[in-house]
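The structure file start.cif is reproduced below (mmCIF, C-alpha atoms).
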data_structure
#
loop_
_atom_site.label_atom_id
_atom_site.label_comp_id
_atom_site.auth_asym_id
_atom_site.auth_seq_id
_atom_site.Cartn_x
_atom_site.Cartn_y
_atom_site.Cartn_z
CA MET A 46 -0.23 -1.62 -20.26
CA PRO A 47 -2.49 -0.27 -17.48
CA ASN A 48 -1.76 2.99 -15.72
CA PRO A 49 0.21 2.88 -12.48
CA VAL A 50 -1.84 2.98 -9.27
CA LEU A 51 -1.28 4.83 -6.02
CA TYR A 52 -3.13 3.46 -3.01
CA HIS A 53 -3.61 6.75 -1.23
CA ASN A 54 -4.90 8.31 1.96
CA PRO A 55 -5.06 12.09 1.51
CA ARG A 56 -4.84 12.62 5.28
CA CYS A 57 -1.39 10.98 5.37
CA SER A 58 1.62 13.25 4.76
CA LYS A 59 3.69 10.41 3.26
CA SER A 60 0.86 9.58 0.89
CA ARG A 61 0.57 13.23 -0.16
CA GLN A 62 4.35 13.34 -0.72
CA ALA A 63 4.15 10.28 -2.95
CA LEU A 64 1.34 11.79 -5.01
CA ALA A 65 3.26 15.08 -5.35
CA PHE A 66 6.36 13.18 -6.50
CA LEU A 67 4.39 11.26 -9.14
CA GLU A 68 2.69 14.43 -10.37
CA ALA A 69 6.06 16.22 -10.58
CA GLN A 70 7.31 13.33 -12.75
CA ASN A 71 4.25 13.76 -15.01
CA ILE A 72 3.18 10.19 -14.27
CA ASN A 73 -0.43 9.51 -15.15
CA VAL A 74 -1.47 7.57 -12.06
CA VAL A 75 -4.79 6.14 -10.97
CA VAL A 76 -5.37 7.27 -7.39
CA VAL A 77 -7.27 4.76 -5.25
CA GLU A 78 -8.48 6.21 -1.96
CA TYR A 79 -8.75 2.81 -0.34
CA LEU A 80 -10.58 4.15 2.73
CA LYS A 81 -13.40 5.43 0.50
CA THR A 82 -13.30 2.43 -1.82
CA PRO A 83 -12.05 -0.55 0.22
CA LEU A 84 -10.17 -3.28 -1.58
CA SER A 85 -11.50 -6.82 -1.80
CA SER A 86 -9.49 -9.76 -0.52
CA SER A 87 -8.73 -10.57 -4.15
CA ASP A 88 -7.43 -7.03 -4.80
CA ILE A 89 -5.28 -7.19 -1.68
CA THR A 90 -3.89 -10.58 -2.68
CA GLN A 91 -2.94 -9.19 -6.10
CA LEU A 92 -1.31 -6.14 -4.47
CA TYR A 93 0.57 -8.43 -2.08
CA THR A 94 1.82 -10.49 -5.04
CA SER A 95 3.11 -7.28 -6.69
CA LEU A 96 4.87 -6.26 -3.48
CA LYS A 97 6.47 -9.71 -3.16
CA SER A 98 7.54 -9.65 -6.83
CA ALA A 99 9.40 -6.40 -6.19
CA SER A 100 10.97 -7.89 -3.05
CA ALA A 101 9.31 -5.07 -1.11
CA VAL A 102 7.70 -7.43 1.39
CA THR A 103 8.25 -11.01 2.47
CA LYS A 104 4.94 -11.60 4.26
CA ALA A 105 1.53 -9.94 4.20
CA LEU A 106 2.12 -8.53 7.67
CA ASP A 107 4.76 -6.23 6.09
CA MET A 108 1.94 -4.29 4.40
CA VAL A 109 0.04 -3.67 7.64
CA ARG A 110 0.05 -0.75 10.06
CA ILE A 111 0.48 -2.79 13.23
CA LYS A 112 0.02 0.23 15.54
CA GLU A 113 -3.58 0.81 14.42
CA SER A 114 -6.25 -0.22 16.94
CA GLU A 115 -7.81 -2.35 14.17
CA PHE A 116 -4.77 -4.63 14.35
CA THR A 117 -5.98 -5.89 17.72
CA LEU A 118 -9.66 -5.71 16.74
CA ALA A 119 -8.92 -8.00 13.80
CA GLY A 120 -7.28 -10.51 16.12
CA LEU A 121 -3.94 -10.20 14.35
CA SER A 122 -0.55 -10.88 15.87
CA LYS A 123 3.01 -10.92 14.58
CA VAL A 124 2.55 -14.60 13.68
CA SER A 125 -0.70 -14.22 11.72
CA THR A 126 -0.84 -16.03 8.39
CA ASP A 127 -0.89 -14.18 5.08
CA SER A 128 -4.50 -15.23 4.59
CA GLU A 129 -5.53 -13.89 8.01
CA VAL A 130 -3.79 -10.59 7.30
CA ILE A 131 -5.34 -10.19 3.84
CA ASN A 132 -8.82 -10.87 5.21
CA ALA A 133 -8.23 -8.40 8.05
CA ILE A 134 -7.18 -5.65 5.62
CA ALA A 135 -10.37 -6.27 3.63
CA LEU A 136 -12.42 -5.86 6.83
CA PHE A 137 -10.35 -2.98 8.25
CA PRO A 138 -8.91 -0.91 5.36
CA ARG A 139 -7.04 1.39 7.78
CA LEU A 140 -4.64 -1.50 8.35
CA LEU A 141 -3.16 -1.14 4.86
CA GLU A 142 0.22 0.57 4.93
CA ARG A 143 0.33 3.72 2.87
CA PRO A 144 1.13 4.85 0.36
CA ILE A 145 1.61 1.91 -1.97
CA PHE A 146 2.57 2.51 -5.59
CA GLN A 147 2.04 -0.20 -8.20
CA LYS A 148 3.22 -0.34 -11.80
CA ASP A 149 4.10 -3.04 -14.30
CA GLY A 150 3.27 -5.86 -11.88
CA LEU A 151 5.56 -4.49 -9.15
CA ALA A 152 4.72 -2.44 -6.09
CA ALA A 153 6.43 -0.57 -3.26
CA VAL A 154 5.38 0.86 0.06
CA GLY A 155 6.27 4.56 0.00
CA ARG A 156 7.75 4.63 3.50
CA PRO A 157 10.27 6.03 2.83
CA LEU A 158 9.43 7.82 -0.43
CA TYR A 159 12.71 6.52 -1.84
CA ASN A 160 11.05 3.12 -2.32
CA ILE A 161 8.76 4.67 -4.94
CA GLU A 162 11.47 6.86 -6.45
CA ALA A 163 13.65 3.76 -6.91
CA MET A 164 11.01 2.23 -9.19
CA PHE A 165 11.96 4.89 -11.76
CA ASN A 166 15.74 4.47 -11.50
CA ASP A 167 16.14 1.35 -13.63
#
Have the structure of the file written as C-alpha cells, please.
Amino acid sequence: MPNPVLYHNPRCSKSRQALAFLEAQNINVVVVEYLKTPLSSSDITQLYTSLKSASAVTKALDMVRIKESEFTLAGLSKVSTDSEVINAIALFPRLLERPIFQKDGLAAVGRPLYNIEAMFND
C-alpha cells in the first residue's frame, strides 16, 4: 500500500497545521508541494476521484480556491464543468484547495483540519 500524500503549500497556515498533525501522529506521509511540482490533469483527475470516493466533494469546483485571481484568468465560473476545472488547476496550480490529504484511495480537503483527523477515526 503506498504512503499517504499531503498536497501542501508551506506558506498556508492550514497546510502547515495539517502537516504538523500528521507528524504528531507519526504518519509517514509523502509531501507534494504542488506549487513547485504542479500536478498533471491526470493526477488531478485521480485526486478528484479520491475526494469523490470519500464524499468530500461532489464536483471538481469544490476543490478550487474560487477567490484566487487565477479563477477568473482561467475563465472559470460556478457552472464550469469538471473537465474545465481540472484543466484550469493543471494550468494554474494555485487554484487547488489546500491542504488535501490522500490515503487508501480516499482524500479530504483539510479545511477544517477535522476533515483530515476524521480519516483516522474509523
Identify all residues satisfying the PyMOL selection byres ((chain A and resi 107) around 10) in the given file; provide them as a compact mmCIF listing (two decimals) with C-alpha atoms, keeping the file's coordinate frame.
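Saved as out_18.txt:
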# COMPACT_ATOMS: atom_id res chain seq x y z
CA TYR A 93 0.57 -8.43 -2.08
CA LEU A 96 4.87 -6.26 -3.48
CA ALA A 101 9.31 -5.07 -1.11
CA VAL A 102 7.70 -7.43 1.39
CA THR A 103 8.25 -11.01 2.47
CA LYS A 104 4.94 -11.60 4.26
CA ALA A 105 1.53 -9.94 4.20
CA LEU A 106 2.12 -8.53 7.67
CA MET A 108 1.94 -4.29 4.40
CA VAL A 109 0.04 -3.67 7.64
CA ARG A 110 0.05 -0.75 10.06
CA ILE A 111 0.48 -2.79 13.23
CA LYS A 123 3.01 -10.92 14.58
CA ASP A 127 -0.89 -14.18 5.08
CA VAL A 130 -3.79 -10.59 7.30
CA LEU A 141 -3.16 -1.14 4.86
CA GLU A 142 0.22 0.57 4.93
CA VAL A 154 5.38 0.86 0.06
### Residues returned when the PyMOL selection byres ((chain A and resi 139) around 10) runs on this file, as a PyMOL selection string
chain A and resi 54+79-80+83+109-110+113-116+133-138+140-143
Could you write out that same residue set with C-alpha atoms as a PDB file, in the coordinates of the input?
ATOM      1  CA  ASN A  54      -4.900   8.310   1.960  1.00  0.00           C
ATOM      2  CA  TYR A  79      -8.750   2.810  -0.340  1.00  0.00           C
ATOM      3  CA  LEU A  80     -10.580   4.150   2.730  1.00  0.00           C
ATOM      4  CA  PRO A  83     -12.050  -0.550   0.220  1.00  0.00           C
ATOM      5  CA  VAL A 109       0.040  -3.670   7.640  1.00  0.00           C
ATOM      6  CA  ARG A 110       0.050  -0.750  10.060  1.00  0.00           C
ATOM      7  CA  GLU A 113      -3.580   0.810  14.420  1.00  0.00           C
ATOM      8  CA  SER A 114      -6.250  -0.220  16.940  1.00  0.00           C
ATOM      9  CA  GLU A 115      -7.810  -2.350  14.170  1.00  0.00           C
ATOM     10  CA  PHE A 116      -4.770  -4.630  14.350  1.00  0.00           C
ATOM     11  CA  ALA A 133      -8.230  -8.400   8.050  1.00  0.00           C
ATOM     12  CA  ILE A 134      -7.180  -5.650   5.620  1.00  0.00           C
ATOM     13  CA  ALA A 135     -10.370  -6.270   3.630  1.00  0.00           C
ATOM     14  CA  LEU A 136     -12.420  -5.860   6.830  1.00  0.00           C
ATOM     15  CA  PHE A 137     -10.350  -2.980   8.250  1.00  0.00           C
ATOM     16  CA  PRO A 138      -8.910  -0.910   5.360  1.00  0.00           C
ATOM     17  CA  LEU A 140      -4.640  -1.500   8.350  1.00  0.00           C
ATOM     18  CA  LEU A 141      -3.160  -1.140   4.860  1.00  0.00           C
ATOM     19  CA  GLU A 142       0.220   0.570   4.930  1.00  0.00           C
ATOM     20  CA  ARG A 143       0.330   3.720   2.870  1.00  0.00           C
TER      21      ARG A 143
END
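Interatomic distance, atom CA of A:Leu51 against atom CA of A:Ile145: 5.8 Å.
Each of A:Leu121, A:Cys57, A:Phe146, A:Thr90 was compared to A:Val74 using only C-alpha atoms, and A:Phe146 turns out to be the nearest.
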ask   = With distances taken over all atoms listed in the file, which of A:Leu84, A:Ile72, A:Ile89, A:Leu151 is nearest to A:Asn48?
value =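 Among A:Leu84, A:Ile72, A:Ile89, A:Leu151, it is A:Ile72 that comes nearest to A:Asn48.
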One number please: atom CA of A:Gly120 to atom CA of A:Ser85, in Å, one decimal.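 If I compute the distance from atom CA of A:Gly120 to atom CA of A:Ser85, I get 18.8 Å.
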ask   = Which residue gives the smallest distance to A:Lys97 among A:Ala152, A:Ala63, A:Ile131, A:Ala163, with only C-alpha atoms counted?
value =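 Smallest separation from A:Lys97 among the options: A:Ala152.
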Output of the PyMOL selection byres ((chain A and resi 156) around 9), listed as a list of chain:residue names: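 That selection, the PyMOL selection byres ((chain A and resi 156) around 9), comes back as A:Lys59, A:Ser60, A:Glu142, A:Arg143, A:Pro144, A:Ile145, A:Ala153, A:Val154, A:Gly155, A:Pro157, A:Leu158, A:Tyr159, A:Asn160, A:Ile161.
Nearest-residue note for A:Asp88: choosing from A:Asn166, A:Asn132, A:Gln62, A:Thr126, the minimum distance belongs to A:Asn132, counting all atoms listed in the file.
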Between atom CA of A:Ser125 and atom CA of A:Ser98 lies a distance of 20.8 Å
Among the residues A:Leu67, A:Met164, A:Leu92, A:Val77, the one that comes closest to A:Tyr52 [using all atoms listed in the file]: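 Result for the nearest residue to A:Tyr52: A:Val77.
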Taking all atoms of stretch 108-123 of chain A that the file lists and extending 8 Å past them on each side, where is the centre of the axis-aligned box and how long are its edges? Answer in Å to one decimal, as AutoDock Vina command-line options.
--center_x -3.3 --center_y -5.1 --center_z 11.1 --size_x 28.7 --size_y 27.7 --size_z 29.3
Checklist entry - Between A:Lys112, A:Val50, A:Gln70, A:Leu64, which one has atoms that come closest to A:Phe165, using all atoms listed in the file? => result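 Between A:Lys112, A:Val50, A:Gln70, A:Leu64, the residue approaching A:Phe165 most closely is A:Gln70.
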From the block you just saw, export stretch 91-106 of chain A: all heavy atoms, as a PDB file, in the first residue's frame.
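Now in selection_38.pdb:
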ATOM      1  N   GLN A  91      -7.278  11.927 -10.789  1.00  0.00           N
ATOM      2  CA  GLN A  91      -7.167  10.846  -9.800  1.00  0.00           C
ATOM      3  C   GLN A  91      -7.449  11.385  -8.396  1.00  0.00           C
ATOM      4  O   GLN A  91      -8.150  10.749  -7.609  1.00  0.00           O
ATOM      5  CB  GLN A  91      -5.770  10.215  -9.892  1.00  0.00           C
ATOM      6  CG  GLN A  91      -5.591   8.950  -9.101  1.00  0.00           C
ATOM      7  CD  GLN A  91      -5.180   9.215  -7.668  1.00  0.00           C
ATOM      8  OE1 GLN A  91      -4.517  10.200  -7.356  1.00  0.00           O
ATOM      9  NE2 GLN A  91      -5.578   8.341  -6.775  1.00  0.00           N
ATOM     10  N   LEU A  92      -6.921  12.563  -8.075  1.00  0.00           N
ATOM     11  CA  LEU A  92      -7.164  13.176  -6.771  1.00  0.00           C
ATOM     12  C   LEU A  92      -8.652  13.490  -6.607  1.00  0.00           C
ATOM     13  O   LEU A  92      -9.245  13.228  -5.565  1.00  0.00           O
ATOM     14  CB  LEU A  92      -6.316  14.445  -6.633  1.00  0.00           C
ATOM     15  CG  LEU A  92      -6.395  15.188  -5.320  1.00  0.00           C
ATOM     16  CD1 LEU A  92      -6.006  14.291  -4.152  1.00  0.00           C
ATOM     17  CD2 LEU A  92      -5.498  16.422  -5.367  1.00  0.00           C
ATOM     18  N   TYR A  93      -9.253  14.014  -7.651  1.00  0.00           N
ATOM     19  CA  TYR A  93     -10.694  14.309  -7.636  1.00  0.00           C
ATOM     20  C   TYR A  93     -11.504  13.034  -7.390  1.00  0.00           C
ATOM     21  O   TYR A  93     -12.449  13.024  -6.591  1.00  0.00           O
ATOM     22  CB  TYR A  93     -11.083  14.974  -8.962  1.00  0.00           C
ATOM     23  CG  TYR A  93     -12.548  15.199  -9.166  1.00  0.00           C
ATOM     24  CD1 TYR A  93     -13.325  15.819  -8.197  1.00  0.00           C
ATOM     25  CD2 TYR A  93     -13.168  14.792 -10.341  1.00  0.00           C
ATOM     26  CE1 TYR A  93     -14.679  16.043  -8.402  1.00  0.00           C
ATOM     27  CE2 TYR A  93     -14.518  15.023 -10.553  1.00  0.00           C
ATOM     28  CZ  TYR A  93     -15.264  15.639  -9.574  1.00  0.00           C
ATOM     29  OH  TYR A  93     -16.600  15.855  -9.788  1.00  0.00           O
ATOM     30  N   THR A  94     -11.129  11.943  -8.025  1.00  0.00           N
ATOM     31  CA  THR A  94     -11.809  10.662  -7.821  1.00  0.00           C
ATOM     32  C   THR A  94     -11.708  10.232  -6.360  1.00  0.00           C
ATOM     33  O   THR A  94     -12.685   9.765  -5.773  1.00  0.00           O
ATOM     34  CB  THR A  94     -11.219   9.586  -8.753  1.00  0.00           C
ATOM     35  OG1 THR A  94     -11.407  10.009 -10.108  1.00  0.00           O
ATOM     36  CG2 THR A  94     -11.872   8.232  -8.539  1.00  0.00           C
ATOM     37  N   SER A  95     -10.539  10.414  -5.758  1.00  0.00           N
ATOM     38  CA  SER A  95     -10.352  10.070  -4.337  1.00  0.00           C
ATOM     39  C   SER A  95     -11.218  10.943  -3.436  1.00  0.00           C
ATOM     40  O   SER A  95     -11.783  10.468  -2.456  1.00  0.00           O
ATOM     41  CB  SER A  95      -8.884  10.221  -3.935  1.00  0.00           C
ATOM     42  OG  SER A  95      -8.082   9.278  -4.590  1.00  0.00           O
ATOM     43  N   LEU A  96     -11.306  12.221  -3.765  1.00  0.00           N
ATOM     44  CA  LEU A  96     -12.153  13.133  -2.984  1.00  0.00           C
ATOM     45  C   LEU A  96     -13.624  12.743  -3.106  1.00  0.00           C
ATOM     46  O   LEU A  96     -14.357  12.743  -2.122  1.00  0.00           O
ATOM     47  CB  LEU A  96     -11.940  14.578  -3.441  1.00  0.00           C
ATOM     48  CG  LEU A  96     -10.626  15.224  -2.994  1.00  0.00           C
ATOM     49  CD1 LEU A  96     -10.303  16.438  -3.862  1.00  0.00           C
ATOM     50  CD2 LEU A  96     -10.695  15.622  -1.526  1.00  0.00           C
ATOM     51  N   LYS A  97     -14.052  12.403  -4.320  1.00  0.00           N
ATOM     52  CA  LYS A  97     -15.445  11.982  -4.532  1.00  0.00           C
ATOM     53  C   LYS A  97     -15.728  10.670  -3.800  1.00  0.00           C
ATOM     54  O   LYS A  97     -16.805  10.508  -3.221  1.00  0.00           O
ATOM     55  CB  LYS A  97     -15.735  11.828  -6.025  1.00  0.00           C
ATOM     56  CG  LYS A  97     -15.989  13.137  -6.722  1.00  0.00           C
ATOM     57  CD  LYS A  97     -16.235  13.008  -8.203  1.00  0.00           C
ATOM     58  CE  LYS A  97     -17.270  12.013  -8.584  1.00  0.00           C
ATOM     59  NZ  LYS A  97     -17.572  11.987 -10.016  1.00  0.00           N
ATOM     60  N   SER A  98     -14.770   9.749  -3.818  1.00  0.00           N
ATOM     61  CA  SER A  98     -14.956   8.454  -3.155  1.00  0.00           C
ATOM     62  C   SER A  98     -15.159   8.622  -1.656  1.00  0.00           C
ATOM     63  O   SER A  98     -15.862   7.831  -1.027  1.00  0.00           O
ATOM     64  CB  SER A  98     -13.757   7.543  -3.409  1.00  0.00           C
ATOM     65  OG  SER A  98     -13.667   7.223  -4.775  1.00  0.00           O
ATOM     66  N   ALA A  99     -14.542   9.645  -1.091  1.00  0.00           N
ATOM     67  CA  ALA A  99     -14.671   9.904   0.345  1.00  0.00           C
ATOM     68  C   ALA A  99     -15.856  10.821   0.644  1.00  0.00           C
ATOM     69  O   ALA A  99     -16.036  11.237   1.788  1.00  0.00           O
ATOM     70  CB  ALA A  99     -13.381  10.537   0.865  1.00  0.00           C
ATOM     71  N   SER A 100     -16.625  11.138  -0.395  1.00  0.00           N
ATOM     72  CA  SER A 100     -17.765  12.055  -0.273  1.00  0.00           C
ATOM     73  C   SER A 100     -17.333  13.427   0.218  1.00  0.00           C
ATOM     74  O   SER A 100     -18.105  14.151   0.839  1.00  0.00           O
ATOM     75  CB  SER A 100     -18.832  11.483   0.662  1.00  0.00           C
ATOM     76  OG  SER A 100     -19.308  10.268   0.161  1.00  0.00           O
ATOM     77  N   ALA A 101     -16.081  13.786  -0.052  1.00  0.00           N
ATOM     78  CA  ALA A 101     -15.563  15.079   0.383  1.00  0.00           C
ATOM     79  C   ALA A 101     -15.937  16.192  -0.590  1.00  0.00           C
ATOM     80  O   ALA A 101     -15.996  17.353  -0.212  1.00  0.00           O
ATOM     81  CB  ALA A 101     -14.044  15.007   0.542  1.00  0.00           C
ATOM     82  N   VAL A 102     -16.168  15.835  -1.828  1.00  0.00           N
ATOM     83  CA  VAL A 102     -16.577  16.812  -2.837  1.00  0.00           C
ATOM     84  C   VAL A 102     -17.624  16.165  -3.742  1.00  0.00           C
ATOM     85  O   VAL A 102     -17.672  14.943  -3.870  1.00  0.00           O
ATOM     86  CB  VAL A 102     -15.397  17.313  -3.704  1.00  0.00           C
ATOM     87  CG1 VAL A 102     -14.298  17.944  -2.866  1.00  0.00           C
ATOM     88  CG2 VAL A 102     -14.819  16.225  -4.569  1.00  0.00           C
ATOM     89  N   THR A 103     -18.430  16.994  -4.369  1.00  0.00           N
ATOM     90  CA  THR A 103     -19.425  16.476  -5.301  1.00  0.00           C
ATOM     91  C   THR A 103     -19.134  16.899  -6.736  1.00  0.00           C
ATOM     92  O   THR A 103     -19.632  16.300  -7.667  1.00  0.00           O
ATOM     93  CB  THR A 103     -20.840  16.942  -4.929  1.00  0.00           C
ATOM     94  OG1 THR A 103     -20.864  18.374  -4.901  1.00  0.00           O
ATOM     95  CG2 THR A 103     -21.246  16.396  -3.569  1.00  0.00           C
ATOM     96  N   LYS A 104     -18.320  17.952  -6.877  1.00  0.00           N
ATOM     97  CA  LYS A 104     -17.915  18.417  -8.208  1.00  0.00           C
ATOM     98  C   LYS A 104     -16.502  18.971  -8.104  1.00  0.00           C
ATOM     99  O   LYS A 104     -16.044  19.348  -7.023  1.00  0.00           O
ATOM    100  CB  LYS A 104     -18.898  19.457  -8.746  1.00  0.00           C
ATOM    101  CG  LYS A 104     -19.089  20.661  -7.855  1.00  0.00           C
ATOM    102  CD  LYS A 104     -20.229  21.534  -8.368  1.00  0.00           C
ATOM    103  CE  LYS A 104     -20.440  22.756  -7.515  1.00  0.00           C
ATOM    104  NZ  LYS A 104     -20.880  22.540  -6.175  1.00  0.00           N
ATOM    105  N   ALA A 105     -15.795  19.012  -9.214  1.00  0.00           N
ATOM    106  CA  ALA A 105     -14.401  19.445  -9.209  1.00  0.00           C
ATOM    107  C   ALA A 105     -14.253  20.867  -8.674  1.00  0.00           C
ATOM    108  O   ALA A 105     -13.248  21.203  -8.052  1.00  0.00           O
ATOM    109  CB  ALA A 105     -13.798  19.325 -10.608  1.00  0.00           C
ATOM    110  N   LEU A 106     -15.251  21.684  -8.870  1.00  0.00           N
ATOM    111  CA  LEU A 106     -15.198  23.060  -8.383  1.00  0.00           C
ATOM    112  C   LEU A 106     -15.033  23.121  -6.868  1.00  0.00           C
ATOM    113  O   LEU A 106     -14.493  24.093  -6.327  1.00  0.00           O
ATOM    114  CB  LEU A 106     -16.467  23.806  -8.816  1.00  0.00           C
ATOM    115  CG  LEU A 106     -16.420  25.315  -8.802  1.00  0.00           C
ATOM    116  CD1 LEU A 106     -15.307  25.841  -9.713  1.00  0.00           C
ATOM    117  CD2 LEU A 106     -17.757  25.888  -9.238  1.00  0.00           C
TER     118      LEU A 106
END
